[in-house]
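Pasting run.txt here (compact mmCIF, C-alpha atoms):
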```
# COMPACT_ATOMS: atom_id res chain seq x y z
CA MET A 1 -14.73 6.90 -5.18
CA GLU A 2 -13.11 8.81 -2.39
CA GLY A 3 -11.75 12.32 -2.26
CA VAL A 4 -9.82 14.00 0.50
CA TYR A 5 -9.74 17.71 1.28
CA ARG A 6 -6.93 19.09 3.40
CA GLY A 7 -6.93 22.64 4.61
CA ALA A 8 -6.20 24.72 7.66
CA ASP A 9 -9.11 23.09 9.47
CA GLY A 10 -7.72 19.56 9.00
CA GLY A 11 -9.64 17.85 6.26
CA TYR A 12 -12.65 15.86 5.12
CA LEU A 13 -13.10 12.46 3.52
CA LEU A 14 -15.74 12.15 0.80
CA THR A 15 -17.02 8.57 1.00
CA ASP A 16 -20.36 6.81 0.56
CA ARG A 17 -21.58 3.59 -1.06
CA LEU A 18 -23.68 5.79 -3.34
CA PHE A 19 -20.45 7.14 -4.89
CA ALA A 20 -19.29 3.61 -5.86
CA GLY A 21 -18.76 2.68 -9.50
CA ALA A 22 -18.60 6.29 -10.68
CA ASP A 23 -17.20 7.24 -14.08
CA THR A 24 -15.54 10.62 -14.64
CA LEU A 25 -18.85 12.49 -14.92
CA ALA A 26 -20.23 11.20 -11.60
CA THR A 27 -16.84 11.55 -9.87
CA SER A 28 -16.47 15.18 -10.94
CA TYR A 29 -20.05 15.87 -9.83
CA ALA A 30 -19.41 14.41 -6.35
CA LEU A 31 -16.15 16.31 -5.93
CA SER A 32 -17.70 19.58 -7.09
CA THR A 33 -20.55 19.27 -4.56
CA ALA A 34 -18.02 18.71 -1.75
CA ILE A 35 -15.93 21.69 -2.88
CA ARG A 36 -19.06 23.87 -2.92
CA LYS A 37 -19.76 22.77 0.67
CA ILE A 38 -16.21 23.71 1.72
CA GLY A 39 -16.84 27.15 0.31
CA LYS A 40 -14.10 29.71 -0.17
CA PHE A 41 -10.80 28.58 -1.69
CA ASP A 42 -8.06 30.04 -3.83
CA ILE A 43 -6.63 27.00 -5.54
CA ILE A 44 -7.55 23.35 -6.05
CA ILE A 45 -4.71 20.98 -6.86
CA GLY A 46 -5.37 17.50 -8.19
CA GLY A 47 -3.55 14.79 -10.05
CA ARG A 48 -3.66 14.79 -13.83
CA GLN A 49 -5.33 11.39 -14.06
CA ALA A 50 -6.10 8.19 -12.22
CA ILE A 51 -4.57 4.89 -13.25
CA ASP A 52 -7.87 3.05 -13.58
CA GLY A 53 -9.54 5.03 -16.38
CA ASP A 54 -6.45 6.99 -17.41
CA THR A 55 -8.62 9.67 -19.05
CA ALA A 56 -7.47 12.92 -17.35
CA GLN A 57 -11.07 14.18 -17.39
CA VAL A 58 -12.03 14.58 -13.71
CA GLY A 59 -10.02 17.74 -12.96
CA PRO A 60 -11.24 19.66 -16.01
CA GLN A 61 -14.83 18.50 -15.39
CA VAL A 62 -14.68 19.70 -11.77
CA ALA A 63 -13.37 23.08 -12.97
CA GLU A 64 -16.19 23.32 -15.51
CA LYS A 65 -18.87 22.43 -12.93
CA LEU A 66 -17.51 25.07 -10.55
CA GLY A 67 -16.97 27.70 -13.27
CA LEU A 68 -13.24 27.89 -12.50
CA ASN A 69 -10.20 28.70 -14.56
CA GLN A 70 -8.03 25.63 -15.00
CA ILE A 71 -4.48 24.77 -15.97
CA THR A 72 -3.65 21.17 -16.86
CA TYR A 73 -0.33 19.29 -17.12
CA VAL A 74 1.29 21.45 -14.42
CA GLU A 75 4.91 20.70 -13.58
CA GLU A 76 5.69 23.56 -11.20
CA ILE A 77 4.05 26.56 -9.55
CA LEU A 78 6.36 29.45 -10.35
CA GLU A 79 4.55 32.29 -8.59
CA MET A 80 1.33 32.87 -6.69
CA ASP A 81 -0.15 35.98 -5.13
CA SER A 82 -3.63 36.93 -3.91
CA LYS A 83 -4.93 37.43 -7.46
CA SER A 84 -3.20 34.92 -9.74
CA VAL A 85 -1.02 31.85 -10.14
CA THR A 86 1.77 31.35 -12.69
CA VAL A 87 2.81 27.80 -13.56
CA LYS A 88 5.10 25.85 -15.84
CA ARG A 89 3.24 23.21 -17.82
CA VAL A 90 4.39 20.50 -20.19
CA ILE A 91 2.87 20.42 -23.65
CA THR A 92 3.64 18.42 -26.77
CA GLY A 93 6.97 19.65 -28.03
CA GLY A 94 7.97 21.72 -25.03
CA VAL A 95 7.10 23.70 -21.95
CA GLU A 96 5.03 26.84 -21.53
CA THR A 97 4.42 29.36 -18.76
CA VAL A 98 0.78 30.13 -18.01
CA LYS A 99 -0.77 32.71 -15.69
CA ALA A 100 -4.38 32.40 -14.52
CA PRO A 101 -6.55 34.43 -12.15
CA LEU A 102 -7.63 32.90 -8.85
CA PRO A 103 -9.61 30.90 -7.94
CA CYS A 104 -8.14 28.21 -10.18
CA LEU A 105 -7.92 24.43 -10.50
CA LEU A 106 -4.59 22.81 -11.39
CA THR A 107 -3.97 19.24 -12.50
CA VAL A 108 -0.40 18.14 -11.86
CA ASN A 109 1.67 15.65 -13.85
CA GLY A 110 3.21 12.64 -12.12
CA SER A 111 6.58 13.84 -13.41
CA ALA A 112 6.39 17.01 -11.28
CA ALA A 113 8.73 17.39 -8.33
CA PRO A 114 7.61 15.49 -5.23
CA CYS A 115 5.83 17.36 -2.44
CA ARG A 116 7.99 18.75 0.30
CA PRO A 117 8.38 16.49 3.34
CA ARG A 118 5.71 16.86 6.00
CA ASN A 119 6.43 18.92 9.07
CA ALA A 120 6.85 16.33 11.84
CA ARG A 121 5.56 18.61 14.59
CA LEU A 122 2.37 19.44 12.66
CA LEU A 123 1.93 15.79 11.69
CA MET A 124 2.24 14.62 15.31
CA GLY A 125 -0.24 17.29 16.36
CA ARG A 126 -2.81 15.70 14.04
CA LYS A 127 -2.02 12.04 14.78
CA ASN A 128 -5.26 11.60 16.73
CA TYR A 129 -7.33 13.77 14.41
CA ASP A 130 -10.54 12.07 13.34
CA VAL A 131 -11.16 12.97 9.69
CA PRO A 132 -14.87 13.75 9.21
CA ALA A 133 -16.46 11.55 6.52
CA TRP A 134 -18.93 13.27 4.20
CA THR A 135 -21.68 11.30 2.47
CA VAL A 136 -23.98 12.10 -0.45
CA ALA A 137 -26.40 13.71 2.00
CA ASP A 138 -23.67 15.75 3.71
CA VAL A 139 -22.64 17.46 0.46
CA ASN A 140 -26.25 17.82 -0.73
CA ALA A 141 -25.58 15.74 -3.85
CA ASP A 142 -28.32 14.26 -6.01
CA PRO A 143 -27.98 10.44 -5.62
CA ALA A 144 -29.16 10.01 -9.23
CA LYS A 145 -26.01 11.86 -10.39
CA CYS A 146 -23.63 9.81 -8.20
CA GLY A 147 -22.00 6.41 -8.60
CA LEU A 148 -23.29 3.96 -11.19
CA SER A 149 -26.65 5.71 -11.55
CA GLY A 150 -24.93 8.96 -12.51
CA SER A 151 -22.45 7.31 -14.87
CA PRO A 152 -23.40 7.15 -18.55
CA THR A 153 -20.24 5.14 -19.29
CA LYS A 154 -21.07 1.45 -19.58
CA VAL A 155 -18.45 -1.28 -19.93
CA LYS A 156 -19.65 -3.76 -22.53
CA LYS A 157 -16.87 -6.32 -22.34
CA ILE A 158 -13.54 -6.85 -20.61
CA GLU A 159 -10.98 -9.19 -22.09
CA ASN A 160 -7.70 -10.34 -20.64
CA ILE A 161 -5.03 -10.94 -23.20
CA VAL A 162 -2.28 -13.32 -22.19
CA PHE A 163 0.64 -13.67 -24.56
CA GLN A 164 2.22 -17.06 -24.78
CA ALA A 165 5.98 -17.40 -25.04
CA LYS A 166 5.58 -18.86 -28.55
CA GLU A 167 3.89 -15.61 -29.64
CA SER A 168 6.86 -13.45 -28.79
CA LYS A 169 9.75 -12.59 -31.06
CA ARG A 170 13.08 -11.00 -30.31
CA PHE A 171 14.66 -8.43 -32.52
CA GLY A 172 18.13 -7.04 -32.09
CA ALA A 173 19.15 -3.41 -32.31
CA GLY A 174 20.86 -3.78 -35.69
CA ASP A 175 19.58 -2.18 -38.88
CA ALA A 176 18.66 -5.55 -40.43
CA ASP A 177 16.59 -6.56 -37.39
CA ILE A 178 14.78 -3.21 -37.31
CA ALA A 179 14.05 -3.46 -41.04
CA ALA A 180 12.66 -6.98 -40.53
CA LEU A 181 10.40 -5.75 -37.72
CA ILE A 182 9.07 -2.88 -39.83
CA GLU A 183 8.45 -5.21 -42.76
CA GLU A 184 6.54 -7.67 -40.54
CA LEU A 185 4.41 -4.90 -39.07
CA ALA A 186 3.60 -3.58 -42.55
CA VAL A 187 2.75 -7.05 -43.92
CA ASN A 188 0.39 -7.63 -40.97
CA HIS A 189 -1.21 -4.17 -41.55
CA ILE A 190 -0.22 -3.00 -38.07
CA ILE A 191 1.47 0.02 -39.62
CA GLY A 192 0.64 1.49 -42.99
```

Take the structure in the file and write it out as structure tokens.
Amino acid sequence: MEGVYRGADGGYLLTDRLFAGADTLATSYALSTAIRKIGKFDIIIGGRQAIDGDTAQVGPQVAEKLGLNQITYVEEILEMDSKSVTVKRVITGGVETVKAPLPCLLTVNGSAAPCRPRNARLLMGRKNYDVPAWTVADVNADPAKCGLSGSPTKVKKIENIVFQAKESKRFGAGDADIAALIEELAVNHIIG
């Protein structure tokens, strides 16, 4: 597990062998200890979910551990001042506008607009910047709550499923083909 903080002072890299193998609980714990070490902040922006576990739990867990307001599924920041942030978020069946007091944690959807291009002059000014690496000890984290030891999630079995060409079927877009597909799925109790 690695996390990167970027702020006015440059940034920090959270990395240690003791963080390895972390589930969402241990990952959110490690990130929250690093954020506490950073100290004052107005807003934390993270991705909605990682592609490995695909659970979308880390951001909300970090917010909970830090006692922060949170807004998930953010598409766009509409307005921000010294006291609050207003965002557009995607929900089932539509979009809603949400306002939350600062400090706040946001998790952003992959479908949100891309970040603005980096400022070349600022980027070149940091090209030789050595990013400080923080370890478990640096963020005063309890090693028992980090990595595998802090992860109650246990994988019992992993199976790879490889479909053979003979197992595939092609259906056309016509009504008869769609009806045949639905009938086959119902007969095989895939749909009820």

Using all atoms listed in the file, what does the table of segment 32-108 of chain A residues within 7 Å of segment 7-28 of chain A look like, with each row giving the shortest atom pair and its distance in Å to one decimal, sorted by chain and ascending number, as JSON lines?
```
{"residue": "A:Ser32", "atom": "CA", "partner": "A:Ser28", "partner_atom": "CA", "distance": 6.0}
{"residue": "A:Gln57", "atom": "CA", "partner": "A:Thr24", "partner_atom": "CA", "distance": 6.3}
{"residue": "A:Val58", "atom": "CA", "partner": "A:Ser28", "partner_atom": "CA", "distance": 5.3}
{"residue": "A:Gln61", "atom": "CA", "partner": "A:Ser28", "partner_atom": "CA", "distance": 5.8}
{"residue": "A:Val62", "atom": "CA", "partner": "A:Ser28", "partner_atom": "CA", "distance": 4.9}
```

Practice prompt. Quick one: everything within 12 Å of Pro60 of chain A, counting only C-alpha atoms, minus sequence neighbours fewer than 5 positions away in the same chain. Send it as a PyMOL selection string.
Written response: chain A and resi 24-25+27-29+31-32+44-49+55+65-73+104-108

Axis-aligned box for segment 55-71 of chain A, 5 Å per side, centre and edges in Å as lines of an AutoDock Vina configuration file:
```
center_x = -11.7
center_y = 19.2
center_z = -14.8
size_x = 24.4
size_y = 29.0
size_z = 18.5
```

Worksheet item: Rounded to one decimal in Å, what is the spacing between atom CA of Trp134 of chain A and atom CA of Asp42 of chain A?
Response: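 So the answer is 21.5 Å.
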